[in-house]
file model.txt (compact mmCIF, C-alpha atoms)
# COMPACT_ATOMS: atom_id res chain seq x y z
CA MET A 28 -134.39 113.97 75.29
CA ALA A 29 -131.11 112.14 75.21
CA ALA A 30 -129.01 113.20 72.27
CA GLY A 31 -125.98 111.03 72.93
CA GLY A 32 -124.70 108.66 70.31
CA GLU A 33 -124.24 104.95 70.65
CA SER A 34 -120.49 105.42 70.93
CA HIS A 35 -120.72 106.83 74.49
CA GLY A 36 -120.16 103.58 76.36
CA ALA A 37 -122.54 100.94 77.71
CA THR A 38 -124.49 103.06 80.24
CA ASP A 39 -124.81 105.98 77.92
CA SER A 40 -125.98 103.86 75.05
CA ALA A 41 -128.43 102.03 77.32
CA SER A 42 -129.92 105.25 78.62
CA TYR A 43 -129.97 106.60 75.09
CA TYR A 44 -131.76 103.47 73.93
CA VAL A 45 -134.37 103.74 76.67
CA SER A 46 -135.02 107.44 76.31
CA HIS A 47 -135.08 107.13 72.56
CA HIS A 48 -137.80 104.54 72.89
CA LEU A 49 -139.73 106.79 75.24
CA THR A 50 -139.69 109.85 73.01
CA HIS A 51 -142.70 110.71 70.92
CA LEU A 52 -142.64 111.73 67.33
CA GLN A 53 -143.78 115.31 67.78
CA VAL A 54 -144.62 118.37 65.76
CA GLY A 55 -145.46 121.80 67.16
CA GLU A 56 -144.39 123.87 70.13
CA GLY A 57 -145.48 124.16 73.79
CA PHE A 58 -149.05 123.07 74.38
CA TRP A 59 -149.70 122.90 70.68
CA THR A 60 -147.43 119.95 70.30
CA TRP A 61 -148.93 116.98 68.55
CA ASN A 62 -147.78 113.44 69.31
CA VAL A 63 -148.04 112.24 65.76
CA ASP A 64 -147.28 108.60 66.61
CA THR A 65 -149.98 108.39 69.28
CA LEU A 66 -152.53 110.04 67.02
CA PHE A 67 -151.58 107.83 64.10
CA TRP A 68 -151.60 104.52 65.93
CA SER A 69 -154.69 105.13 67.99
CA THR A 70 -156.60 106.34 64.94
CA LEU A 71 -155.39 103.37 62.93
CA LEU A 72 -156.47 101.00 65.68
CA GLY A 73 -159.79 102.80 66.02
CA VAL A 74 -160.41 102.54 62.29
CA LEU A 75 -159.53 98.86 62.46
CA MET A 76 -161.96 98.44 65.34
CA CYS A 77 -164.76 100.26 63.55
CA THR A 78 -164.16 98.37 60.31
CA PHE A 79 -164.22 95.05 62.10
CA MET A 80 -167.37 95.83 64.04
CA TYR A 81 -169.01 97.35 60.97
CA PHE A 82 -168.35 94.15 59.04
CA GLY A 83 -170.10 92.28 61.79
CA ALA A 84 -173.01 94.72 61.87
CA ARG A 85 -173.45 95.29 58.14
CA LYS A 86 -174.87 91.88 57.41
CA ALA A 87 -176.23 91.29 60.88
CA THR A 88 -178.67 88.44 60.71
CA ALA A 89 -181.00 86.81 63.18
CA ASP A 90 -180.06 83.44 61.71
CA VAL A 91 -176.79 81.71 62.40
CA PRO A 92 -174.24 84.54 62.72
CA GLY A 93 -170.89 84.51 60.98
CA GLY A 94 -167.57 84.63 62.78
CA VAL A 95 -167.21 88.40 62.84
CA GLN A 96 -170.79 89.00 63.86
CA ASN A 97 -170.43 86.35 66.53
CA THR A 98 -167.35 88.04 67.96
CA VAL A 99 -168.99 91.45 68.00
CA GLU A 100 -172.11 89.94 69.54
CA MET A 101 -170.03 88.34 72.26
CA LEU A 102 -168.38 91.67 73.05
CA MET A 103 -171.73 93.43 73.00
CA ASP A 104 -173.28 90.83 75.24
CA PHE A 105 -170.40 91.17 77.65
CA ILE A 106 -170.42 94.99 77.76
CA GLY A 107 -174.20 95.18 77.61
CA GLY A 108 -174.37 92.84 80.59
CA LEU A 109 -171.99 95.02 82.57
CA VAL A 110 -174.01 98.13 81.76
CA LYS A 111 -177.31 96.44 82.53
CA GLU A 112 -176.02 95.28 85.89
CA SER A 113 -175.11 98.70 87.17
CA PHE A 114 -176.33 101.54 85.00
CA PRO A 115 -179.94 102.54 85.73
CA GLY A 116 -180.38 105.28 83.11
CA PRO A 117 -181.25 105.23 79.39
CA THR A 118 -179.30 102.58 77.51
CA LYS A 119 -178.97 104.14 74.09
CA PHE A 120 -175.60 105.76 74.63
CA VAL A 121 -173.72 104.12 77.48
CA PRO A 122 -173.38 100.55 76.08
CA PRO A 123 -171.81 101.58 72.74
CA PHE A 124 -169.70 104.11 74.63
CA ALA A 125 -168.39 101.42 76.97
CA LEU A 126 -167.88 99.02 74.06
CA THR A 127 -165.77 101.60 72.25
CA ILE A 128 -163.66 102.18 75.37
CA PHE A 129 -163.15 98.46 75.89
CA VAL A 130 -162.18 97.50 72.36
CA TRP A 131 -160.14 100.61 71.71
CA THR A 132 -158.08 100.43 74.92
CA PHE A 133 -157.69 96.70 74.43
CA LEU A 134 -156.14 97.30 71.02
CA TRP A 135 -153.96 100.09 72.44
CA ASN A 136 -152.69 97.73 75.11
CA CYS A 137 -152.11 94.96 72.58
CA MET A 138 -149.60 97.18 70.82
CA ASP A 139 -147.39 96.60 73.86
CA LEU A 140 -146.98 92.96 72.83
CA ILE A 141 -145.35 93.88 69.54
CA PRO A 142 -141.54 93.65 69.80
CA VAL A 143 -140.33 97.03 71.04
CA ASP A 144 -137.82 97.57 68.26
CA LEU A 145 -139.94 96.55 65.31
CA PHE A 146 -141.76 99.75 64.47
CA PRO A 147 -139.04 102.18 65.65
CA ASP A 148 -136.54 100.39 63.39
CA LEU A 149 -138.97 100.33 60.49
CA ALA A 150 -139.64 104.03 61.02
CA LYS A 151 -135.94 104.76 61.17
CA SER A 152 -135.42 102.96 57.87
CA VAL A 153 -137.79 105.44 56.20
CA GLY A 154 -136.22 108.40 58.01
CA ILE A 155 -138.56 108.85 60.97
CA GLU A 156 -136.50 109.34 64.11
CA TYR A 157 -138.96 108.56 66.89
CA GLN A 158 -141.84 106.15 67.10
CA ARG A 159 -143.91 105.04 70.11
CA VAL A 160 -146.56 102.58 69.12
CA VAL A 161 -148.45 102.06 72.41
CA PRO A 162 -151.12 104.77 72.64
CA ALA A 163 -152.03 103.61 76.13
CA ALA A 164 -148.55 104.58 77.29
CA ASP A 165 -149.27 108.18 76.32
CA MET A 166 -151.16 110.18 78.94
CA ASN A 167 -152.84 112.21 76.22
CA ALA A 168 -154.57 109.09 74.99
CA THR A 169 -155.66 107.81 78.38
CA PHE A 170 -156.80 111.26 79.48
CA SER A 171 -158.85 111.62 76.33
CA ILE A 172 -161.00 108.76 77.54
CA SER A 173 -161.11 109.76 81.18
CA LEU A 174 -161.91 113.40 80.36
CA SER A 175 -164.77 112.23 78.15
CA VAL A 176 -165.98 110.13 81.06
CA PHE A 177 -165.57 113.15 83.33
CA ILE A 178 -167.72 115.32 81.08
CA LEU A 179 -170.31 112.54 80.89
CA ILE A 180 -170.28 112.21 84.69
CA ILE A 181 -171.41 115.81 84.93
CA VAL A 182 -173.92 115.37 82.11
CA TYR A 183 -175.42 112.23 83.60
CA SER A 184 -175.45 113.71 87.12
CA ILE A 185 -177.60 116.56 85.84
CA MET A 186 -179.73 114.16 83.76
CA GLY A 187 -180.28 111.80 86.66
CA LYS A 188 -180.70 114.19 89.57
CA GLY A 189 -181.45 117.50 87.90
CA ALA A 190 -179.22 120.55 88.28
CA VAL A 191 -180.62 121.27 91.72
CA GLY A 192 -180.17 117.73 92.93
CA TYR A 193 -176.60 117.71 91.67
CA ALA A 194 -175.85 121.02 93.40
CA LYS A 195 -177.39 119.68 96.60
CA GLU A 196 -175.15 116.65 96.41
CA TRP A 197 -172.12 118.91 96.12
CA LEU A 198 -173.23 120.98 99.11
CA PHE A 199 -174.76 118.45 101.51
CA HIS A 200 -172.98 115.16 100.91
CA PRO A 201 -171.50 113.34 102.68
CA PHE A 202 -171.61 115.28 105.98
CA GLY A 203 -174.97 117.03 105.93
CA LYS A 204 -175.83 120.71 105.80
CA TRP A 205 -173.69 121.88 108.73
CA LEU A 206 -170.39 121.10 107.06
CA VAL A 207 -170.93 122.60 103.63
CA PRO A 208 -167.29 123.73 103.10
CA PHE A 209 -165.96 120.29 103.90
CA ASN A 210 -168.53 118.70 101.65
CA LEU A 211 -167.45 120.96 98.83
CA ILE A 212 -163.80 120.12 99.31
CA ILE A 213 -164.44 116.41 99.51
CA ASN A 214 -166.72 116.41 96.50
CA PHE A 215 -164.21 118.47 94.55
CA VAL A 216 -161.43 116.00 95.31
CA GLU A 217 -163.67 113.01 94.65
CA THR A 218 -164.90 114.33 91.34
CA LEU A 219 -161.41 115.17 90.15
CA ALA A 220 -159.91 111.93 91.43
CA LYS A 221 -162.18 109.85 89.21
CA PRO A 222 -160.84 110.88 85.80
CA VAL A 223 -157.28 111.22 87.08
CA SER A 224 -157.17 107.76 88.61
CA LEU A 225 -159.02 106.29 85.63
CA SER A 226 -156.46 107.49 83.13
CA LEU A 227 -153.33 107.19 85.28
CA ARG A 228 -154.12 103.57 86.10
CA LEU A 229 -154.18 102.60 82.46
CA PHE A 230 -151.25 104.84 81.60
CA GLY A 231 -149.11 103.62 84.51
CA ASN A 232 -149.67 99.95 83.82
CA LEU A 233 -148.92 100.19 80.14
CA TYR A 234 -146.06 102.63 80.50
CA ALA A 235 -144.42 100.33 83.04
CA GLY A 236 -145.07 97.35 80.81
CA GLU A 237 -143.49 99.10 77.85
CA LEU A 238 -140.52 100.17 79.95
CA ILE A 239 -139.90 96.65 81.13
CA PHE A 240 -140.05 95.35 77.57
CA ILE A 241 -137.47 97.99 76.64
CA LEU A 242 -135.25 96.97 79.56
CA ILE A 243 -135.56 93.32 78.57
CA ALA A 244 -134.51 94.31 75.08
CA LEU A 245 -131.26 95.61 76.58
CA LEU A 246 -130.32 92.17 77.85
CA PRO A 247 -127.84 90.08 75.90
CA TRP A 248 -129.26 88.64 72.74
CA GLY A 249 -129.21 84.98 73.87
CA VAL A 250 -131.18 85.34 77.11
CA GLN A 251 -133.75 87.96 76.16
CA PHE A 252 -136.40 85.48 75.30
CA VAL A 253 -136.66 84.07 78.82
CA PRO A 254 -137.81 87.20 80.67
CA GLY A 255 -139.33 88.47 77.45
CA PHE A 256 -141.59 85.45 77.17
CA ALA A 257 -142.50 85.52 80.87
CA TRP A 258 -143.33 89.22 80.82
CA ALA A 259 -145.30 88.90 77.58
CA VAL A 260 -147.42 86.10 79.04
CA PHE A 261 -148.05 88.12 82.15
CA HIS A 262 -148.75 91.13 80.00
CA ILE A 263 -151.54 89.34 78.15
CA LEU A 264 -153.33 89.42 81.47
CA VAL A 265 -152.50 93.09 82.02
CA VAL A 266 -153.66 94.02 78.53
CA THR A 267 -157.08 92.48 79.00
CA LEU A 268 -157.45 93.40 82.64
CA GLN A 269 -156.64 97.07 82.18
CA ALA A 270 -159.05 97.38 79.28
CA PHE A 271 -161.70 95.68 81.40
CA ILE A 272 -160.99 97.87 84.44
CA ILE A 273 -161.22 101.17 82.62
CA THR A 274 -164.48 100.02 81.00
CA VAL A 275 -166.07 98.83 84.22
CA LEU A 276 -164.99 101.89 86.16
CA SER A 277 -166.34 104.20 83.46
CA ILE A 278 -169.69 102.42 83.65
CA VAL A 279 -169.65 102.51 87.44
CA TYR A 280 -168.79 106.22 87.54
CA LEU A 281 -171.62 106.99 85.15
CA SER A 282 -174.00 104.85 87.21
CA MET A 283 -172.99 106.64 90.39
CA ALA A 284 -173.48 109.94 88.64
CA TYR A 285 -176.91 109.00 87.39
CA GLU A 286 -178.24 107.45 90.59
CA SER A 287 -179.57 109.68 93.31
CA HIS A 288 -177.77 109.25 96.60
CA ASP A 289 -180.82 110.37 98.53
CA ASP A 290 -182.52 107.07 97.89
CA ASP A 291 -180.00 104.73 99.37
CA HIS A 292 -179.38 106.60 102.63
CA MET B 14 -144.44 112.87 78.23
CA GLY B 15 -146.89 115.48 79.35
CA ILE B 16 -150.20 116.77 78.28
CA ASN B 17 -150.39 118.62 75.00
CA ALA B 18 -152.67 119.21 72.05
CA THR B 19 -152.67 115.48 71.33
CA LEU B 20 -155.30 115.22 74.05
CA ILE B 21 -157.72 117.33 72.01
CA GLY B 22 -157.08 115.26 68.92
CA GLN B 23 -157.57 112.05 70.84
CA MET B 24 -160.85 113.26 72.32
CA ILE B 25 -162.18 114.18 68.89
CA THR B 26 -161.14 110.80 67.49
CA PHE B 27 -162.65 109.04 70.46
CA SER B 28 -166.00 110.81 70.10
CA LEU B 29 -166.06 109.98 66.39
CA PHE B 30 -165.51 106.29 67.15
CA VAL B 31 -168.17 106.35 69.87
CA VAL B 32 -170.67 107.95 67.50
CA PHE B 33 -169.79 105.40 64.82
CA THR B 34 -170.28 102.52 67.21
CA MET B 35 -173.53 103.98 68.46
CA LYS B 36 -174.93 104.61 64.98
CA PHE B 37 -173.64 101.75 62.82
CA VAL B 38 -172.59 98.90 65.07
CA TRP B 39 -174.78 98.64 68.12
CA PRO B 40 -178.31 99.02 66.69
CA PRO B 41 -178.20 96.46 63.84
CA ILE B 42 -176.48 93.82 65.92
CA SER B 43 -178.63 94.27 68.99
CA GLN B 44 -181.68 94.14 66.73
CA ALA B 45 -180.43 90.92 65.17
CA MET B 46 -179.80 89.50 68.62
CA ALA B 47 -183.26 90.45 69.80
CA GLU B 48 -184.77 88.90 66.68
CA ARG B 49 -182.82 85.71 67.22
CA GLN B 50 -183.90 85.62 70.82
CA LYS B 51 -187.52 85.96 69.71
CA LYS B 52 -187.02 83.26 67.08
CA ILE B 53 -185.61 80.88 69.62
CA ALA B 54 -188.39 81.63 72.06
CA ASP B 55 -190.96 81.05 69.29
CA GLY B 56 -189.27 77.81 68.34
CA LEU B 57 -189.35 76.59 71.90
CA ALA B 58 -192.99 77.56 72.23
CA ALA B 59 -193.79 75.75 68.97
CA ALA B 60 -191.97 72.67 70.22
CA ASP B 61 -193.99 72.83 73.42
CA LYS B 62 -197.18 73.16 71.45
CA GLY B 63 -196.21 70.24 69.23
CA GLU B 64 -195.50 68.12 72.24
CA GLN B 65 -198.90 68.99 73.65
CA ALA B 66 -200.59 68.19 70.34
CA LEU B 67 -198.76 64.89 70.24
CA ALA B 68 -199.95 64.01 73.73
CA GLU B 69 -203.49 65.01 72.78
CA ALA B 70 -203.37 62.93 69.60
CA SER B 71 -202.04 59.90 71.38
CA ARG B 72 -204.75 60.27 74.00
CA GLU B 73 -207.36 60.51 71.24
CA SER B 74 -206.00 57.51 69.40
CA GLU B 75 -206.02 55.56 72.63
CA ALA B 76 -209.66 56.43 73.15
CA ALA B 77 -210.53 55.59 69.55
CA LEU B 78 -208.78 52.25 69.87
CA LYS B 79 -210.65 51.49 73.05
CA GLU B 80 -213.95 52.40 71.41
CA ALA B 81 -213.16 50.26 68.39
CA ARG B 82 -212.30 47.39 70.66
CA THR B 83 -215.61 47.72 72.50
CA SER B 84 -217.61 47.97 69.30
CA ALA B 85 -215.79 44.98 67.85
CA GLN B 86 -216.70 43.10 70.99
CA ASP B 87 -220.31 44.17 70.48
CA VAL B 88 -220.26 43.08 66.87
CA ILE B 89 -218.86 39.70 67.80
CA ALA B 90 -221.46 39.26 70.51
CA ASN B 91 -224.22 40.27 68.11
CA ALA B 92 -222.96 37.92 65.47
CA ASN B 93 -222.78 35.10 67.98
CA ARG B 94 -226.30 35.77 69.09
CA GLN B 95 -227.54 35.98 65.52
CA ALA B 96 -225.80 32.77 64.61
CA ASN B 97 -227.34 31.09 67.61
CA ASP B 98 -230.73 32.42 66.62
CA ILE B 99 -230.32 31.15 63.10
CA VAL B 100 -229.25 27.73 64.30
CA GLU B 101 -232.15 27.63 66.75
CA LYS B 102 -234.59 28.67 64.06
CA ALA B 103 -233.22 26.10 61.64
CA LYS B 104 -233.54 23.46 64.28
CA ALA B 105 -237.10 24.49 65.03
CA ASP B 106 -237.94 24.54 61.33
CA ALA B 107 -236.42 21.15 60.84
CA ARG B 108 -238.31 19.80 63.81
CA ALA B 109 -241.58 21.23 62.48
CA GLU B 110 -240.90 19.84 59.04
CA ALA B 111 -240.18 16.44 60.51
CA ASP B 112 -243.37 16.59 62.55
CA ARG B 113 -245.33 17.53 59.48
CA ILE B 114 -243.81 14.69 57.46
CA VAL B 115 -244.53 12.26 60.26
CA ALA B 116 -248.09 13.58 60.55
CA ASN B 117 -248.59 13.22 56.80
CA ALA B 118 -247.30 9.72 56.82
CA GLN B 119 -249.53 8.90 59.77
CA ALA B 120 -252.56 10.36 57.98
CA GLU B 121 -251.76 8.42 54.84
CA LEU B 122 -251.31 5.29 56.89
CA ASP B 123 -254.63 5.90 58.61
CA ALA B 124 -256.34 6.41 55.29
CA GLU B 125 -254.79 3.21 53.92
CA VAL B 126 -255.95 1.31 57.00
CA ALA B 127 -259.47 2.77 56.70
CA LYS B 128 -259.50 1.91 53.04
CA ALA B 129 -258.33 -1.62 53.76
CA LYS B 130 -260.92 -1.94 56.48
CA ALA B 131 -263.66 -0.75 54.13
CA ALA B 132 -262.53 -3.18 51.46
CA LEU B 133 -262.36 -5.93 54.02
CA ARG B 134 -265.80 -5.09 55.23
CA GLU B 135 -267.14 -5.26 51.67
CA GLU B 136 -265.56 -8.58 51.23
CA ILE B 137 -266.85 -9.89 54.57
CA SER B 138 -270.36 -8.80 53.75
CA GLY B 139 -270.04 -10.57 50.37
CA ILE B 140 -268.72 -13.67 52.11
CA ALA B 141 -271.46 -13.49 54.72
CA LEU B 142 -274.03 -13.12 52.01
CA ALA B 143 -272.73 -16.05 50.11
CA GLY B 144 -272.65 -18.09 53.36
CA ALA B 145 -276.16 -17.14 54.18
CA GLU B 146 -277.34 -18.07 50.65
CA LYS B 147 -275.73 -21.40 51.04
CA ILE B 148 -277.36 -21.92 54.43
CA LEU B 149 -280.75 -20.81 53.32
CA GLY B 150 -280.57 -22.54 50.00
CA ARG B 151 -281.86 -19.74 48.18
CA GLU B 152 -280.90 -16.39 46.94
CA VAL B 153 -281.13 -13.72 49.35
CA ASP B 154 -282.52 -10.63 47.98
CA ALA B 155 -279.60 -8.37 48.30
CA ALA B 156 -281.78 -5.35 48.10
CA ALA B 157 -284.11 -6.60 50.80
CA HIS B 158 -281.33 -7.37 53.23
CA ASP B 159 -279.04 -4.61 52.31
CA ASP B 160 -279.73 -2.82 55.54
CA LEU B 161 -278.99 -5.89 57.52
CA LEU B 162 -275.81 -6.56 55.61
CA LYS B 163 -274.64 -3.07 56.02
CA GLY B 164 -275.27 -3.20 59.75
CA LEU B 165 -273.30 -6.46 59.84
CA ALA B 166 -270.47 -5.01 57.87
CA ALA B 167 -270.33 -2.04 60.18
CA GLN B 168 -270.01 -4.34 63.13
CA VAL B 169 -267.02 -6.17 61.71
call {"tool": "encode", "arguments": {"input": "model.txt", "output": "structure tokens"}}
result
Amino acid sequence: MAAGGESHGATDSASYYVSHHLTHLQVGEGFWTWNVDTLFWSTLLGVLMCTFMYFGARKATADVPGGVQNTVEMLMDFIGGLVKESFPGPTKFVPPFALTIFVWTFLWNCMDLIPVDLFPDLAKSVGIEYQRVVPAADMNATFSISLSVFILIIVYSIMGKGAVGYAKEWLFHPFGKWLVPFNLIINFVETLAKPVSLSLRLFGNLYAGELIFILIALLPWGVQFVPGFAWAVFHILVVTLQAFIITVLSIVYLSMAYESHDDDH
Amino acid sequence: MGINATLIGQMITFSLFVVFTMKFVWPPISQAMAERQKKIADGLAAADKGEQALAEASRESEAALKEARTSAQDVIANANRQANDIVEKAKADARAEADRIVANAQAELDAEVAKAKAALREEISGIALAGAEKILGREVDAAAHDDLLKGLAAQV
């Protein structure tokens, strides 16, 4: 955490500015530290999401749908189509799960498009020192989704193949029964790589995006808008794409977990 | 940066949102969508049915029209025939009436002629009698020569 003041010259103040923007508002010690800003913003966005979708669902009608219902229906159609394409198991849980991931991460990512100084400055004016508003740029947030997916991978593997079938897959795939140790190592790495890559992909993209917005904000006042505009336009793509990717990969991982590999070999 | 207790908080929040979506968002909307889908399918089916009914009705009306046309043709033909019959009958009646009138007139004429002939005969027999009286110089007994006179008259 950089503690230097703004009086320490250009480089110092720049590095102070950047690190200040990358410091969470925290309470607690060691592991039991809470990133209050991440929790606040992600919960706020989640409540927004639920309120919006609930408004669409509350007066859901089979006649001509209103604007909100139409939007939610479009999202549901989109996610439901993705799930239907690849996931072979029961469809009570996975579609709403994927929808929540998509909308929630999309809103997280959208926070990156808000000017980087707006909320930190507002927070400062009411005496809050640090404020990071992009939950997706906090690994705790992205890992919360990927760990949930990880747990569900195990649950759906056991549901789809049975405990014995799942154990067999660990022992005998992909190299057959003579190379059990290698199979175990490979499966271990593969299973762990899924949640790690899932969350780090989202985190990395949004963290980098945030960092670049912060760097752009360091440019002289008159020229900021040129790279700022270009990066923001490009970032609209990143925002949507990363939300889409984490959703699709979650669905695909759950499908792979549920499907038996014995069938397609 | 780094993993800390925030992760636990985020996972709890996440599961709450998932449960909310699963309980209160997905079911009513997907039900509404399914209902709408059914409605649309029903509507399309009804439209199909209506189209079929329309085709059927137009076929029926075509048939009815054709039948009406044929029956009208029949009626006209019948009427023509009847009219012809009536005209023929009237003609025949008229001809018969004319014949009868002619026959009556003929019979009357014949009777007149016969009557005239009879009267003439009477007169001739009177004249003959008077002639004979003159020739014979005496009165002929009409009663005695009645037979003769009658035979003479019949010969005239």
call {"tool": "interface_residues", "arguments": {"input": "model.txt", "of": "chain A", "to": "chain B", "cutoff": "9 Å", "atoms": "all atoms listed in the file", "output": "VMD selection string"}}
result
chain A and resid 49 to 51 57 to 63 65 to 66 69 to 70 73 to 74 76 to 77 80 to 91 96 99 to 100 103 to 104 119 to 120 122 to 128 131 165 to 172 174 to 175
call {"tool": "write_last_selection", "arguments": {"input": "model.txt", "atoms": "C-alpha atoms", "output": "short mmCIF file (atom, residue, chain, number, x, y, z; two decimals), in the frame of the given file"}}
result
data_model
loop_
_atom_site.label_atom_id
_atom_site.label_comp_id
_atom_site.auth_asym_id
_atom_site.auth_seq_id
_atom_site.Cartn_x
_atom_site.Cartn_y
_atom_site.Cartn_z
CA LEU A 49 -139.73 106.79 75.24
CA THR A 50 -139.69 109.85 73.01
CA HIS A 51 -142.70 110.71 70.92
CA GLY A 57 -145.48 124.16 73.79
CA PHE A 58 -149.05 123.07 74.38
CA TRP A 59 -149.70 122.90 70.68
CA THR A 60 -147.43 119.95 70.30
CA TRP A 61 -148.93 116.98 68.55
CA ASN A 62 -147.78 113.44 69.31
CA VAL A 63 -148.04 112.24 65.76
CA THR A 65 -149.98 108.39 69.28
CA LEU A 66 -152.53 110.04 67.02
CA SER A 69 -154.69 105.13 67.99
CA THR A 70 -156.60 106.34 64.94
CA GLY A 73 -159.79 102.80 66.02
CA VAL A 74 -160.41 102.54 62.29
CA MET A 76 -161.96 98.44 65.34
CA CYS A 77 -164.76 100.26 63.55
CA MET A 80 -167.37 95.83 64.04
CA TYR A 81 -169.01 97.35 60.97
CA PHE A 82 -168.35 94.15 59.04
CA GLY A 83 -170.10 92.28 61.79
CA ALA A 84 -173.01 94.72 61.87
CA ARG A 85 -173.45 95.29 58.14
CA LYS A 86 -174.87 91.88 57.41
CA ALA A 87 -176.23 91.29 60.88
CA THR A 88 -178.67 88.44 60.71
CA ALA A 89 -181.00 86.81 63.18
CA ASP A 90 -180.06 83.44 61.71
CA VAL A 91 -176.79 81.71 62.40
CA GLN A 96 -170.79 89.00 63.86
CA VAL A 99 -168.99 91.45 68.00
CA GLU A 100 -172.11 89.94 69.54
CA MET A 103 -171.73 93.43 73.00
CA ASP A 104 -173.28 90.83 75.24
CA LYS A 119 -178.97 104.14 74.09
CA PHE A 120 -175.60 105.76 74.63
CA PRO A 122 -173.38 100.55 76.08
CA PRO A 123 -171.81 101.58 72.74
CA PHE A 124 -169.70 104.11 74.63
CA ALA A 125 -168.39 101.42 76.97
CA LEU A 126 -167.88 99.02 74.06
CA THR A 127 -165.77 101.60 72.25
CA ILE A 128 -163.66 102.18 75.37
CA TRP A 131 -160.14 100.61 71.71
CA ASP A 165 -149.27 108.18 76.32
CA MET A 166 -151.16 110.18 78.94
CA ASN A 167 -152.84 112.21 76.22
CA ALA A 168 -154.57 109.09 74.99
CA THR A 169 -155.66 107.81 78.38
CA PHE A 170 -156.80 111.26 79.48
CA SER A 171 -158.85 111.62 76.33
CA ILE A 172 -161.00 108.76 77.54
CA LEU A 174 -161.91 113.40 80.36
CA SER A 175 -164.77 112.23 78.15
#
call {"tool": "atom_distance", "arguments": {"input": "model.txt", "atom1": "atom CA of A:Phe177", "atom2": "atom CA of A:Tyr193"}}
result
14.6 Å
call {"tool": "atom_distance", "arguments": {"input": "model.txt", "atom1": "atom CA of A:Asn232", "atom2": "atom CA of A:Glu56"}}
result
28.1 Å
call {"tool": "atom_distance", "arguments": {"input": "model.txt", "atom1": "atom CA of A:Val110", "atom2": "atom CA of A:Thr274"}}
result
9.7 Å
call {"tool": "closest_residue", "arguments": {"input": "model.txt", "among": "A:Leu198, A:Ile180, A:Val160, A:Leu109", "to": "A:Met283", "atoms": "only C-alpha atoms"}}
result
A:Ile180
